[in-house]
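Here is query_10.pdb, consisting of PDB, N, CA and C atoms:
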ATOM      1  N   MET L   1     -45.790  21.346 -18.809
ATOM      2  CA  MET L   1     -45.322  21.076 -17.470
ATOM      3  C   MET L   1     -45.488  19.606 -17.115
ATOM      4  N   GLY L   2     -46.432  18.947 -17.679
ATOM      5  CA  GLY L   2     -46.680  17.547 -17.384
ATOM      6  C   GLY L   2     -45.530  16.659 -17.847
ATOM      7  N   LYS L   3     -45.004  16.935 -19.048
ATOM      8  CA  LYS L   3     -43.908  16.126 -19.572
ATOM      9  C   LYS L   3     -42.622  16.344 -18.783
ATOM     10  N   SER L   4     -42.378  17.587 -18.363
ATOM     11  CA  SER L   4     -41.147  17.861 -17.609
ATOM     12  C   SER L   4     -41.199  17.224 -16.223
ATOM     13  N   SER L   5     -42.385  17.195 -15.578
ATOM     14  CA  SER L   5     -42.451  16.540 -14.269
ATOM     15  C   SER L   5     -42.283  15.025 -14.400
ATOM     16  N   ILE L   6     -42.751  14.440 -15.473
ATOM     17  CA  ILE L   6     -42.546  13.001 -15.686
ATOM     18  C   ILE L   6     -41.061  12.728 -15.915
ATOM     19  N   ALA L   7     -40.404  13.583 -16.681
ATOM     20  CA  ALA L   7     -38.969  13.409 -16.945
ATOM     21  C   ALA L   7     -38.168  13.528 -15.650
ATOM     22  N   ILE L   8     -38.513  14.493 -14.811
ATOM     23  CA  ILE L   8     -37.813  14.649 -13.520
ATOM     24  C   ILE L   8     -38.065  13.436 -12.645
ATOM     25  N   PHE L   9     -39.315  12.966 -12.609
ATOM     26  CA  PHE L   9     -39.656  11.786 -11.814
ATOM     27  C   PHE L   9     -38.854  10.571 -12.285
ATOM     28  N   LEU L  10     -38.750  10.377 -13.590
ATOM     29  CA  LEU L  10     -38.000   9.234 -14.126
ATOM     30  C   LEU L  10     -36.505   9.356 -13.795
ATOM     31  N   CYS L  11     -35.980  10.566 -13.848
ATOM     32  CA  CYS L  11     -34.564  10.771 -13.497
ATOM     33  C   CYS L  11     -34.319  10.436 -12.030
ATOM     34  N   LEU L  12     -35.205  10.892 -11.160
ATOM     35  CA  LEU L  12     -35.063  10.572  -9.725
ATOM     36  C   LEU L  12     -35.185   9.073  -9.478
ATOM     37  N   LEU L  13     -36.114   8.440 -10.167
ATOM     38  CA  LEU L  13     -36.281   6.998 -10.040
ATOM     39  C   LEU L  13     -35.023   6.258 -10.487
ATOM     40  N   LEU L  14     -34.431   6.712 -11.585
ATOM     41  CA  LEU L  14     -33.199   6.102 -12.090
ATOM     42  C   LEU L  14     -32.052   6.267 -11.078
ATOM     43  N   VAL L  15     -31.936   7.443 -10.472
ATOM     44  CA  VAL L  15     -30.904   7.695  -9.465
ATOM     45  C   VAL L  15     -31.092   6.752  -8.274
ATOM     46  N   LEU L  16     -32.326   6.602  -7.820
ATOM     47  CA  LEU L  16     -32.602   5.707  -6.680
ATOM     48  C   LEU L  16     -32.258   4.252  -7.010
ATOM     49  N   VAL L  17     -32.576   3.823  -8.216
ATOM     50  CA  VAL L  17     -32.253   2.452  -8.632
ATOM     51  C   VAL L  17     -30.738   2.254  -8.654
ATOM     52  N   LEU L  18     -30.017   3.224  -9.211
ATOM     53  CA  LEU L  18     -28.557   3.116  -9.273
ATOM     54  C   LEU L  18     -27.934   3.112  -7.874
ATOM     55  N   LEU L  19     -28.453   3.916  -6.966
ATOM     56  CA  LEU L  19     -27.953   3.918  -5.588
ATOM     57  C   LEU L  19     -28.212   2.576  -4.912
ATOM     58  N   GLY L  20     -29.359   1.994  -5.180
ATOM     59  CA  GLY L  20     -29.678   0.686  -4.614
ATOM     60  C   GLY L  20     -28.725  -0.392  -5.117
ATOM     61  N   GLN L  21     -28.383  -0.351  -6.398
ATOM     62  CA  GLN L  21     -27.440  -1.327  -6.950
ATOM     63  C   GLN L  21     -26.052  -1.115  -6.378
ATOM     64  N   ASN L  22     -25.662   0.131  -6.180
ATOM     65  CA  ASN L  22     -24.357   0.430  -5.600
ATOM     66  C   ASN L  22     -24.256  -0.138  -4.188
ATOM     67  N   GLN L  23     -25.310  -0.006  -3.400
ATOM     68  CA  GLN L  23     -25.311  -0.539  -2.039
ATOM     69  C   GLN L  23     -25.279  -2.059  -2.059
ATOM     70  N   ALA L  24     -25.927  -2.682  -3.037
ATOM     71  CA  ALA L  24     -25.936  -4.143  -3.136
ATOM     72  C   ALA L  24     -24.545  -4.671  -3.458
ATOM     73  N   LEU L  25     -23.767  -3.903  -4.213
ATOM     74  CA  LEU L  25     -22.412  -4.329  -4.553
ATOM     75  C   LEU L  25     -21.479  -4.255  -3.355
ATOM     76  N   ARG L  26     -21.835  -3.441  -2.395
ATOM     77  CA  ARG L  26     -21.016  -3.294  -1.196
ATOM     78  C   ARG L  26     -21.480  -4.245  -0.100
ATOM     79  N   ALA L  27     -21.663  -5.488  -0.449
ATOM     80  CA  ALA L  27     -22.120  -6.491   0.522
ATOM     81  C   ALA L  27     -21.077  -6.635   1.616
ATOM     82  N   PRO L  28     -21.493  -6.771   2.857
ATOM     83  CA  PRO L  28     -20.528  -6.909   3.949
ATOM     84  C   PRO L  28     -19.761  -8.218   3.851
ATOM     85  N   ILE L  29     -18.529  -8.216   4.347
ATOM     86  CA  ILE L  29     -17.694  -9.408   4.365
ATOM     87  C   ILE L  29     -18.249 -10.353   5.420
ATOM     88  N   SER L  30     -18.349 -11.636   5.070
ATOM     89  CA  SER L  30     -18.919 -12.585   6.022
ATOM     90  C   SER L  30     -18.004 -12.761   7.227
ATOM     91  N   ALA L  31     -18.580 -13.207   8.320
ATOM     92  CA  ALA L  31     -17.830 -13.349   9.571
ATOM     93  C   ALA L  31     -16.784 -14.456   9.488
ATOM     94  N   SER L  32     -16.953 -15.380   8.542
ATOM     95  CA  SER L  32     -15.988 -16.474   8.445
ATOM     96  C   SER L  32     -14.668 -16.037   7.822
ATOM     97  N   GLN L  33     -14.672 -14.928   7.077
ATOM     98  CA  GLN L  33     -13.450 -14.441   6.455
ATOM     99  C   GLN L  33     -12.776 -13.448   7.389
ATOM    100  N   PRO L  34     -11.462 -13.615   7.641
ATOM    101  CA  PRO L  34     -10.782 -12.644   8.497
ATOM    102  C   PRO L  34     -10.699 -11.299   7.799
ATOM    103  N   GLN L  35     -10.926 -10.244   8.541
ATOM    104  CA  GLN L  35     -10.819  -8.911   7.981
ATOM    105  C   GLN L  35      -9.399  -8.408   8.170
ATOM    106  N   ARG L  36      -8.803  -7.962   7.086
ATOM    107  CA  ARG L  36      -7.431  -7.477   7.136
ATOM    108  C   ARG L  36      -7.460  -5.982   6.968
ATOM    109  N   GLN L  37      -6.563  -5.330   7.640
ATOM    110  CA  GLN L  37      -6.505  -3.893   7.543
ATOM    111  C   GLN L  37      -5.297  -3.495   6.719
ATOM    112  N   GLY L  38      -5.374  -2.285   6.151
ATOM    113  CA  GLY L  38      -4.219  -1.760   5.430
ATOM    114  C   GLY L  38      -4.081  -2.335   4.045
ATOM    115  N   ASN L  39      -2.857  -2.424   3.588
ATOM    116  CA  ASN L  39      -2.530  -2.854   2.244
ATOM    117  C   ASN L  39      -2.590  -4.374   2.159
ATOM    118  N   HIS L  40      -3.555  -4.932   1.408
ATOM    119  CA  HIS L  40      -3.717  -6.378   1.331
ATOM    120  C   HIS L  40      -2.537  -7.050   0.649
ATOM    121  N   ALA L  41      -1.876  -6.371  -0.257
ATOM    122  CA  ALA L  41      -0.745  -6.961  -0.957
ATOM    123  C   ALA L  41       0.417  -7.229  -0.011
ATOM    124  N   MET L  42       0.537  -6.445   1.045
ATOM    125  CA  MET L  42       1.638  -6.602   1.986
ATOM    126  C   MET L  42       1.255  -7.460   3.186
ATOM    127  N   TYR L  43       0.038  -8.017   3.204
ATOM    128  CA  TYR L  43      -0.385  -8.822   4.334
ATOM    129  C   TYR L  43       0.543 -10.024   4.476
ATOM    130  N   GLY L  44       1.133 -10.183   5.649
ATOM    131  CA  GLY L  44       2.044 -11.281   5.907
ATOM    132  C   GLY L  44       3.486 -10.972   5.574
ATOM    133  N   ALA L  45       3.715  -9.889   4.860
ATOM    134  CA  ALA L  45       5.071  -9.533   4.477
ATOM    135  C   ALA L  45       5.605  -8.388   5.323
ATOM    136  N   THR L  46       4.778  -7.824   6.184
ATOM    137  CA  THR L  46       5.244  -6.771   7.079
ATOM    138  C   THR L  46       5.255  -7.309   8.502
ATOM    139  N   GLN L  47       6.193  -6.846   9.276
ATOM    140  CA  GLN L  47       6.420  -7.379  10.610
ATOM    141  C   GLN L  47       5.162  -7.333  11.470
ATOM    142  N   GLY L  48       4.835  -8.487  12.062
ATOM    143  CA  GLY L  48       3.703  -8.582  12.972
ATOM    144  C   GLY L  48       2.354  -8.712  12.303
ATOM    145  N   SER L  49       2.294  -8.901  10.990
ATOM    146  CA  SER L  49       1.004  -8.934  10.307
ATOM    147  C   SER L  49       0.404 -10.330  10.188
ATOM    148  N   LEU L  50       1.158 -11.367  10.525
ATOM    149  CA  LEU L  50       0.634 -12.734  10.471
ATOM    150  C   LEU L  50       0.207 -13.213  11.851
ATOM    151  N   ARG L  51      -0.654 -14.207  11.849
ATOM    152  CA  ARG L  51      -0.965 -14.930  13.081
ATOM    153  C   ARG L  51      -0.120 -16.194  13.070
ATOM    154  N   PRO L  52       0.237 -16.744  14.244
ATOM    155  CA  PRO L  52       1.117 -17.920  14.277
ATOM    156  C   PRO L  52       0.651 -19.085  13.410
ATOM    157  N   GLN L  53      -0.648 -19.324  13.329
ATOM    158  CA  GLN L  53      -1.144 -20.446  12.526
ATOM    159  C   GLN L  53      -0.994 -20.215  11.027
ATOM    160  N   GLU L  54      -0.666 -18.998  10.618
ATOM    161  CA  GLU L  54      -0.484 -18.704   9.203
ATOM    162  C   GLU L  54       0.965 -18.867   8.747
ATOM    163  N   CYS L  55       1.855 -19.197   9.668
ATOM    164  CA  CYS L  55       3.274 -19.326   9.321
ATOM    165  C   CYS L  55       3.547 -20.521   8.413
ATOM    166  N   ALA L  56       2.957 -21.676   8.708
ATOM    167  CA  ALA L  56       3.247 -22.896   7.944
ATOM    168  C   ALA L  56       2.967 -22.741   6.450
ATOM    169  N   PRO L  57       1.784 -22.259   6.038
ATOM    170  CA  PRO L  57       1.568 -22.120   4.588
ATOM    171  C   PRO L  57       2.480 -21.084   3.936
ATOM    172  N   ARG L  58       2.783 -20.006   4.650
ATOM    173  CA  ARG L  58       3.695 -18.991   4.094
ATOM    174  C   ARG L  58       5.092 -19.570   3.921
ATOM    175  N   CYS L  59       5.540 -20.344   4.897
ATOM    176  CA  CYS L  59       6.880 -20.944   4.810
ATOM    177  C   CYS L  59       6.937 -22.021   3.738
ATOM    178  N   THR L  60       5.847 -22.743   3.546
ATOM    179  CA  THR L  60       5.810 -23.738   2.470
ATOM    180  C   THR L  60       6.018 -23.059   1.126
ATOM    181  N   THR L  61       5.384 -21.921   0.941
ATOM    182  CA  THR L  61       5.567 -21.157  -0.300
ATOM    183  C   THR L  61       6.990 -20.621  -0.394
ATOM    184  N   ARG L  62       7.497 -20.074   0.709
ATOM    185  CA  ARG L  62       8.844 -19.489   0.735
ATOM    186  C   ARG L  62       9.904 -20.536   0.390
ATOM    187  N   CYS L  63       9.732 -21.754   0.868
ATOM    188  CA  CYS L  63      10.746 -22.806   0.694
ATOM    189  C   CYS L  63      10.452 -23.734  -0.480
ATOM    190  N   SER L  64       9.503 -23.386  -1.323
ATOM    191  CA  SER L  64       9.096 -24.294  -2.403
ATOM    192  C   SER L  64      10.162 -24.491  -3.479
ATOM    193  N   ALA L  65      11.077 -23.561  -3.645
ATOM    194  CA  ALA L  65      12.057 -23.660  -4.739
ATOM    195  C   ALA L  65      13.428 -24.164  -4.284
ATOM    196  N   THR L  66      13.606 -24.470  -3.010
ATOM    197  CA  THR L  66      14.919 -24.894  -2.526
ATOM    198  C   THR L  66      15.087 -26.403  -2.566
ATOM    199  N   ALA L  67      16.337 -26.828  -2.652
ATOM    200  CA  ALA L  67      16.628 -28.258  -2.597
ATOM    201  C   ALA L  67      16.724 -28.728  -1.144
ATOM    202  N   TYR L  68      16.796 -27.790  -0.195
ATOM    203  CA  TYR L  68      16.941 -28.105   1.229
ATOM    204  C   TYR L  68      15.656 -27.739   1.973
ATOM    205  N   LYS L  69      14.585 -28.474   1.657
ATOM    206  CA  LYS L  69      13.273 -28.120   2.182
ATOM    207  C   LYS L  69      13.172 -28.226   3.700
ATOM    208  N   LYS L  70      13.687 -29.303   4.291
ATOM    209  CA  LYS L  70      13.538 -29.493   5.743
ATOM    210  C   LYS L  70      14.187 -28.368   6.549
ATOM    211  N   PRO L  71      15.475 -28.063   6.323
ATOM    212  CA  PRO L  71      16.057 -26.967   7.099
ATOM    213  C   PRO L  71      15.423 -25.619   6.768
ATOM    214  N   CYS L  72      15.043 -25.415   5.528
ATOM    215  CA  CYS L  72      14.411 -24.157   5.144
ATOM    216  C   CYS L  72      13.096 -23.983   5.900
ATOM    217  N   LEU L  73      12.259 -25.023   5.909
ATOM    218  CA  LEU L  73      10.988 -24.949   6.622
ATOM    219  C   LEU L  73      11.199 -24.767   8.123
ATOM    220  N   PHE L  74      12.184 -25.469   8.693
ATOM    221  CA  PHE L  74      12.451 -25.367  10.132
ATOM    222  C   PHE L  74      12.797 -23.930  10.511
ATOM    223  N   PHE L  75      13.762 -23.342   9.817
ATOM    224  CA  PHE L  75      14.188 -21.989  10.164
ATOM    225  C   PHE L  75      13.165 -20.933   9.763
ATOM    226  N   CYS L  76      12.479 -21.144   8.668
ATOM    227  CA  CYS L  76      11.443 -20.199   8.257
ATOM    228  C   CYS L  76      10.342 -20.146   9.318
ATOM    229  N   GLN L  77       9.911 -21.306   9.803
ATOM    230  CA  GLN L  77       8.854 -21.321  10.811
ATOM    231  C   GLN L  77       9.337 -20.746  12.136
ATOM    232  N   LYS L  78      10.598 -20.972  12.453
ATOM    233  CA  LYS L  78      11.171 -20.392  13.668
ATOM    234  C   LYS L  78      11.198 -18.863  13.562
ATOM    235  N   CYS L  79      11.622 -18.364  12.419
ATOM    236  CA  CYS L  79      11.677 -16.914  12.197
ATOM    237  C   CYS L  79      10.276 -16.322  12.158
ATOM    238  N   CYS L  80       9.343 -17.016  11.533
ATOM    239  CA  CYS L  80       7.975 -16.526  11.446
ATOM    240  C   CYS L  80       7.328 -16.473  12.830
ATOM    241  N   ALA L  81       7.620 -17.456  13.676
ATOM    242  CA  ALA L  81       7.071 -17.458  15.036
ATOM    243  C   ALA L  81       7.560 -16.243  15.825
ATOM    244  N   LYS L  82       8.799 -15.845  15.573
ATOM    245  CA  LYS L  82       9.355 -14.693  16.285
ATOM    246  C   LYS L  82       8.895 -13.373  15.662
ATOM    247  N   CYS L  83       8.960 -13.270  14.345
ATOM    248  CA  CYS L  83       8.718 -11.999  13.652
ATOM    249  C   CYS L  83       7.275 -11.809  13.185
ATOM    250  N   LEU L  84       6.534 -12.907  13.067
ATOM    251  CA  LEU L  84       5.168 -12.898  12.537
ATOM    252  C   LEU L  84       5.080 -12.273  11.148
ATOM    253  N   CYS L  85       6.067 -12.594  10.325
ATOM    254  CA  CYS L  85       6.025 -12.216   8.914
ATOM    255  C   CYS L  85       6.951 -13.133   8.135
ATOM    256  N   VAL L  86       6.671 -13.286   6.851
ATOM    257  CA  VAL L  86       7.514 -14.046   5.931
ATOM    258  C   VAL L  86       7.600 -13.209   4.667
ATOM    259  N   PRO L  87       8.801 -12.927   4.178
ATOM    260  CA  PRO L  87       8.918 -12.122   2.956
ATOM    261  C   PRO L  87       8.237 -12.805   1.773
ATOM    262  N   PRO L  88       7.700 -12.047   0.841
ATOM    263  CA  PRO L  88       7.048 -12.642  -0.324
ATOM    264  C   PRO L  88       8.062 -13.304  -1.254
ATOM    265  N   GLY L  89       7.602 -14.286  -1.998
ATOM    266  CA  GLY L  89       8.452 -14.955  -2.974
ATOM    267  C   GLY L  89       9.265 -16.080  -2.362
ATOM    268  N   THR L  90      10.113 -16.689  -3.185
ATOM    269  CA  THR L  90      10.918 -17.827  -2.734
ATOM    270  C   THR L  90      12.338 -17.424  -2.343
ATOM    271  N   TYR L  91      12.733 -16.214  -2.665
ATOM    272  CA  TYR L  91      14.098 -15.764  -2.364
ATOM    273  C   TYR L  91      14.118 -14.237  -2.308
ATOM    274  N   GLY L  92      14.949 -13.700  -1.421
ATOM    275  CA  GLY L  92      15.106 -12.242  -1.350
ATOM    276  C   GLY L  92      13.909 -11.565  -0.705
ATOM    277  N   ASN L  93      13.687 -10.314  -1.033
ATOM    278  CA  ASN L  93      12.586  -9.491  -0.533
ATOM    279  C   ASN L  93      12.567  -9.348   0.983
ATOM    280  N   LYS L  94      13.713  -9.555   1.637
ATOM    281  CA  LYS L  94      13.765  -9.507   3.100
ATOM    282  C   LYS L  94      13.595  -8.095   3.644
ATOM    283  N   GLN L  95      13.756  -7.081   2.813
ATOM    284  CA  GLN L  95      13.615  -5.711   3.279
ATOM    285  C   GLN L  95      12.197  -5.427   3.770
ATOM    286  N   SER L  96      11.228  -6.227   3.352
ATOM    287  CA  SER L  96       9.845  -6.006   3.787
ATOM    288  C   SER L  96       9.609  -6.477   5.217
ATOM    289  N   CYS L  97      10.540  -7.245   5.765
ATOM    290  CA  CYS L  97      10.399  -7.754   7.133
ATOM    291  C   CYS L  97      11.728  -7.583   7.860
ATOM    292  N   PRO L  98      11.963  -6.436   8.502
ATOM    293  CA  PRO L  98      13.261  -6.152   9.122
ATOM    294  C   PRO L  98      13.682  -7.191  10.169
ATOM    295  N   CYS L  99      12.770  -7.660  10.979
ATOM    296  CA  CYS L  99      13.099  -8.659  12.004
ATOM    297  C   CYS L  99      13.649  -9.921  11.341
ATOM    298  N   TYR L 100      12.969 -10.367  10.301
ATOM    299  CA  TYR L 100      13.351 -11.562   9.550
ATOM    300  C   TYR L 100      14.732 -11.357   8.915
ATOM    301  N   ASN L 101      14.968 -10.153   8.433
ATOM    302  CA  ASN L 101      16.219  -9.826   7.759
ATOM    303  C   ASN L 101      17.383  -9.672   8.740
ATOM    304  N   ASN L 102      17.139  -9.121   9.914
ATOM    305  CA  ASN L 102      18.215  -8.779  10.848
ATOM    306  C   ASN L 102      18.578  -9.877  11.845
ATOM    307  N   TRP L 103      17.826 -10.951  11.890
ATOM    308  CA  TRP L 103      18.151 -12.044  12.809
ATOM    309  C   TRP L 103      19.316 -12.829  12.210
ATOM    310  N   LYS L 104      20.451 -12.851  12.907
ATOM    311  CA  LYS L 104      21.677 -13.461  12.371
ATOM    312  C   LYS L 104      22.111 -14.662  13.208
ATOM    313  N   THR L 105      22.931 -15.527  12.592
ATOM    314  CA  THR L 105      23.533 -16.658  13.300
ATOM    315  C   THR L 105      24.718 -16.146  14.125
ATOM    316  N   LYS L 106      25.321 -17.045  14.895
ATOM    317  CA  LYS L 106      26.501 -16.663  15.687
ATOM    318  C   LYS L 106      27.638 -16.192  14.792
ATOM    319  N   ARG L 107      27.708 -16.729  13.594
ATOM    320  CA  ARG L 107      28.759 -16.346  12.655
ATOM    321  C   ARG L 107      28.429 -15.077  11.872
ATOM    322  N   GLY L 108      27.229 -14.549  12.050
ATOM    323  CA  GLY L 108      26.856 -13.318  11.365
ATOM    324  C   GLY L 108      26.093 -13.519  10.064
ATOM    325  N   GLY L 109      25.852 -14.769   9.716
ATOM    326  CA  GLY L 109      25.073 -15.040   8.497
ATOM    327  C   GLY L 109      23.586 -14.917   8.761
ATOM    328  N   PRO L 110      22.777 -14.934   7.733
ATOM    329  CA  PRO L 110      21.321 -14.819   7.919
ATOM    330  C   PRO L 110      20.747 -16.073   8.573
ATOM    331  N   LYS L 111      19.910 -15.886   9.573
ATOM    332  CA  LYS L 111      19.275 -17.012  10.254
ATOM    333  C   LYS L 111      18.049 -17.464   9.474
ATOM    334  N   CYS L 112      17.356 -16.527   8.864
ATOM    335  CA  CYS L 112      16.084 -16.820   8.212
ATOM    336  C   CYS L 112      16.263 -16.952   6.701
ATOM    337  N   PRO L 113      15.629 -17.987   6.122
ATOM    338  CA  PRO L 113      15.772 -18.214   4.672
ATOM    339  C   PRO L 113      15.000 -17.207   3.838
TER
END
Translate this structure into structure tokens?
Amino acid sequence: MGKSSIAIFLCLLLVLVLLGQNQALRAPISASQPQRQGNHAMYGATQGSLRPQECAPRCTTRCSATAYKKPCLFFCQKCCAKCLCVPPGTYGNKQSCPCYNNWKTKRGGPKCP
């Protein structure tokens, strides 16, 4: 009986150690990092998920592959201010942001790059 109680004690001790390590891995996010909800991959690509100050870096990425950077950045930032989203990538993917996709010019063309 002595050996079995030592074995049970060691097993319980091992479980407690593993639980302690698991809790240590779940360190809370610091207050300086913004907490995002939902799907992190879609952050900024779904309507209303950006804050206004986040539009400029998203638009810089969106317009990085165009030869017409100034107008692209101007309209991208205008669309982002209204829709609070920018589609991922440098071209296309507008289906992820309906507001961005549906805003049209007077002639019916796309307003947002």
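Computed from the coordinates, the CA of Cys85 in chain L to atom N of Thr105 in chain L distance equals 17.6 Å.
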Selection: 8 Å around Lys111 in chain L, only N, CA and C atoms, excl. self and same-chain fewer than 2 positions, as a count of residues only: 13
I'd like to see the residues matched by the PyMOL selection byres ((chain L and resi 90) around 6) on this file, and ideally I'd get them as a compact mmCIF listing (two decimals) with N, CA and C atoms, in the frame of the given file.
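As written to disk, out_8.txt reads:
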# COMPACT_ATOMS: atom_id res chain seq x y z
N THR L 61 5.38 -21.92 0.94
CA THR L 61 5.57 -21.16 -0.30
C THR L 61 6.99 -20.62 -0.39
N ARG L 62 7.50 -20.07 0.71
CA ARG L 62 8.84 -19.49 0.74
C ARG L 62 9.90 -20.54 0.39
N CYS L 63 9.73 -21.75 0.87
CA CYS L 63 10.75 -22.81 0.69
C CYS L 63 10.45 -23.73 -0.48
N SER L 64 9.50 -23.39 -1.32
CA SER L 64 9.10 -24.29 -2.40
C SER L 64 10.16 -24.49 -3.48
N ALA L 65 11.08 -23.56 -3.64
CA ALA L 65 12.06 -23.66 -4.74
C ALA L 65 13.43 -24.16 -4.28
N PRO L 88 7.70 -12.05 0.84
CA PRO L 88 7.05 -12.64 -0.32
C PRO L 88 8.06 -13.30 -1.25
N GLY L 89 7.60 -14.29 -2.00
CA GLY L 89 8.45 -14.96 -2.97
C GLY L 89 9.26 -16.08 -2.36
N TYR L 91 12.73 -16.21 -2.66
CA TYR L 91 14.10 -15.76 -2.36
C TYR L 91 14.12 -14.24 -2.31
N GLY L 92 14.95 -13.70 -1.42
CA GLY L 92 15.11 -12.24 -1.35
C GLY L 92 13.91 -11.56 -0.70
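Note that atom N of Pro110 in chain L and atom N of Gln95 in chain L are 12.9 Å apart.
From CA of Lys69 in chain L back to atom C of Gln53 in chain L, the distance works out to 18.6 Å.
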Please provide the set of residues having any atom within 7 Å of Cys55 in chain L, restricted to all atoms listed in the file, with same-chain residues fewer than 5 positions apart removed, written as an MDAnalysis selection string. chainID L and resid 50 60 76:77 80:81
Take the selection from the previous step and output its residues with N, CA and C atoms, as a PDB file, in the frame of the given file.
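Here's the written file part.pdb:
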ATOM      1  N   LEU L  50       1.158 -11.367  10.525  1.00  0.00           N
ATOM      2  CA  LEU L  50       0.634 -12.734  10.471  1.00  0.00           C
ATOM      3  C   LEU L  50       0.207 -13.213  11.851  1.00  0.00           C
ATOM      4  N   THR L  60       5.847 -22.743   3.546  1.00  0.00           N
ATOM      5  CA  THR L  60       5.810 -23.738   2.470  1.00  0.00           C
ATOM      6  C   THR L  60       6.018 -23.059   1.126  1.00  0.00           C
ATOM      7  N   CYS L  76      12.479 -21.144   8.668  1.00  0.00           N
ATOM      8  CA  CYS L  76      11.443 -20.199   8.257  1.00  0.00           C
ATOM      9  C   CYS L  76      10.342 -20.146   9.318  1.00  0.00           C
ATOM     10  N   GLN L  77       9.911 -21.306   9.803  1.00  0.00           N
ATOM     11  CA  GLN L  77       8.854 -21.321  10.811  1.00  0.00           C
ATOM     12  C   GLN L  77       9.337 -20.746  12.136  1.00  0.00           C
ATOM     13  N   CYS L  80       9.343 -17.016  11.533  1.00  0.00           N
ATOM     14  CA  CYS L  80       7.975 -16.526  11.446  1.00  0.00           C
ATOM     15  C   CYS L  80       7.328 -16.473  12.830  1.00  0.00           C
ATOM     16  N   ALA L  81       7.620 -17.456  13.676  1.00  0.00           N
ATOM     17  CA  ALA L  81       7.071 -17.458  15.036  1.00  0.00           C
ATOM     18  C   ALA L  81       7.560 -16.243  15.825  1.00  0.00           C
TER      19      ALA L  81
END
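Proximity to Lys82 in chain L was assessed for L:Lys3, L:Gly48, L:Cys112, L:Ala67 counting all atoms listed in the file; the smallest distance is recorded for L:Gly48.
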Selected residue, from L:Arg107, L:Lys78, L:Thr66, L:Leu84, that lies nearest to Arg51 in chain L when counting all atoms listed in the file: L:Leu84
Please define a box with edges along x, y and z of the file around all atoms of range 89-99 of chain L given in the file, extend it by 4 Å on each side, and return its centre and edge lengths in Å to one decimal, as lines of an AutoDock Vina configuration file.
center_x = 11.4
center_y = -11.6
center_z = 4.4
size_x = 15.5
size_y = 20.4
size_z = 23.2
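Taking all atoms listed in the file into account, the polymer residues that have an atom no farther than 5 Å from (6.4, -15.5, 5.4) are Arg58, Cys59, Cys85, Val86 and Pro87 of chain L.
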Could you please fill out range 88-92 of chain L with all heavy atoms and send it back as a PDB file, in the frame of the given file?
ATOM      1  N   PRO L  88       7.700 -12.047   0.841  1.00  0.00           N
ATOM      2  CA  PRO L  88       7.048 -12.642  -0.324  1.00  0.00           C
ATOM      3  C   PRO L  88       8.062 -13.304  -1.254  1.00  0.00           C
ATOM      4  O   PRO L  88       9.226 -12.920  -1.288  1.00  0.00           O
ATOM      5  CB  PRO L  88       6.371 -11.451  -0.998  1.00  0.00           C
ATOM      6  CG  PRO L  88       7.155 -10.271  -0.555  1.00  0.00           C
ATOM      7  CD  PRO L  88       7.653 -10.585   0.823  1.00  0.00           C
ATOM      8  N   GLY L  89       7.602 -14.286  -1.998  1.00  0.00           N
ATOM      9  CA  GLY L  89       8.452 -14.955  -2.974  1.00  0.00           C
ATOM     10  C   GLY L  89       9.265 -16.080  -2.362  1.00  0.00           C
ATOM     11  O   GLY L  89       9.148 -16.409  -1.186  1.00  0.00           O
ATOM     12  N   THR L  90      10.113 -16.689  -3.185  1.00  0.00           N
ATOM     13  CA  THR L  90      10.918 -17.827  -2.734  1.00  0.00           C
ATOM     14  C   THR L  90      12.338 -17.424  -2.343  1.00  0.00           C
ATOM     15  O   THR L  90      13.059 -18.218  -1.755  1.00  0.00           O
ATOM     16  CB  THR L  90      11.000 -18.901  -3.840  1.00  0.00           C
ATOM     17  OG1 THR L  90      11.542 -18.309  -5.018  1.00  0.00           O
ATOM     18  CG2 THR L  90       9.627 -19.489  -4.139  1.00  0.00           C
ATOM     19  N   TYR L  91      12.733 -16.214  -2.665  1.00  0.00           N
ATOM     20  CA  TYR L  91      14.098 -15.764  -2.364  1.00  0.00           C
ATOM     21  C   TYR L  91      14.118 -14.237  -2.308  1.00  0.00           C
ATOM     22  O   TYR L  91      13.411 -13.571  -3.054  1.00  0.00           O
ATOM     23  CB  TYR L  91      15.068 -16.253  -3.446  1.00  0.00           C
ATOM     24  CG  TYR L  91      16.505 -15.916  -3.171  1.00  0.00           C
ATOM     25  CD1 TYR L  91      17.251 -16.674  -2.280  1.00  0.00           C
ATOM     26  CD2 TYR L  91      17.107 -14.829  -3.792  1.00  0.00           C
ATOM     27  CE1 TYR L  91      18.570 -16.351  -2.018  1.00  0.00           C
ATOM     28  CE2 TYR L  91      18.426 -14.515  -3.537  1.00  0.00           C
ATOM     29  CZ  TYR L  91      19.163 -15.277  -2.647  1.00  0.00           C
ATOM     30  OH  TYR L  91      20.461 -14.959  -2.377  1.00  0.00           O
ATOM     31  N   GLY L  92      14.949 -13.700  -1.421  1.00  0.00           N
ATOM     32  CA  GLY L  92      15.106 -12.242  -1.350  1.00  0.00           C
ATOM     33  C   GLY L  92      13.909 -11.565  -0.705  1.00  0.00           C
ATOM     34  O   GLY L  92      13.177 -12.167   0.079  1.00  0.00           O
TER      35      GLY L  92
END
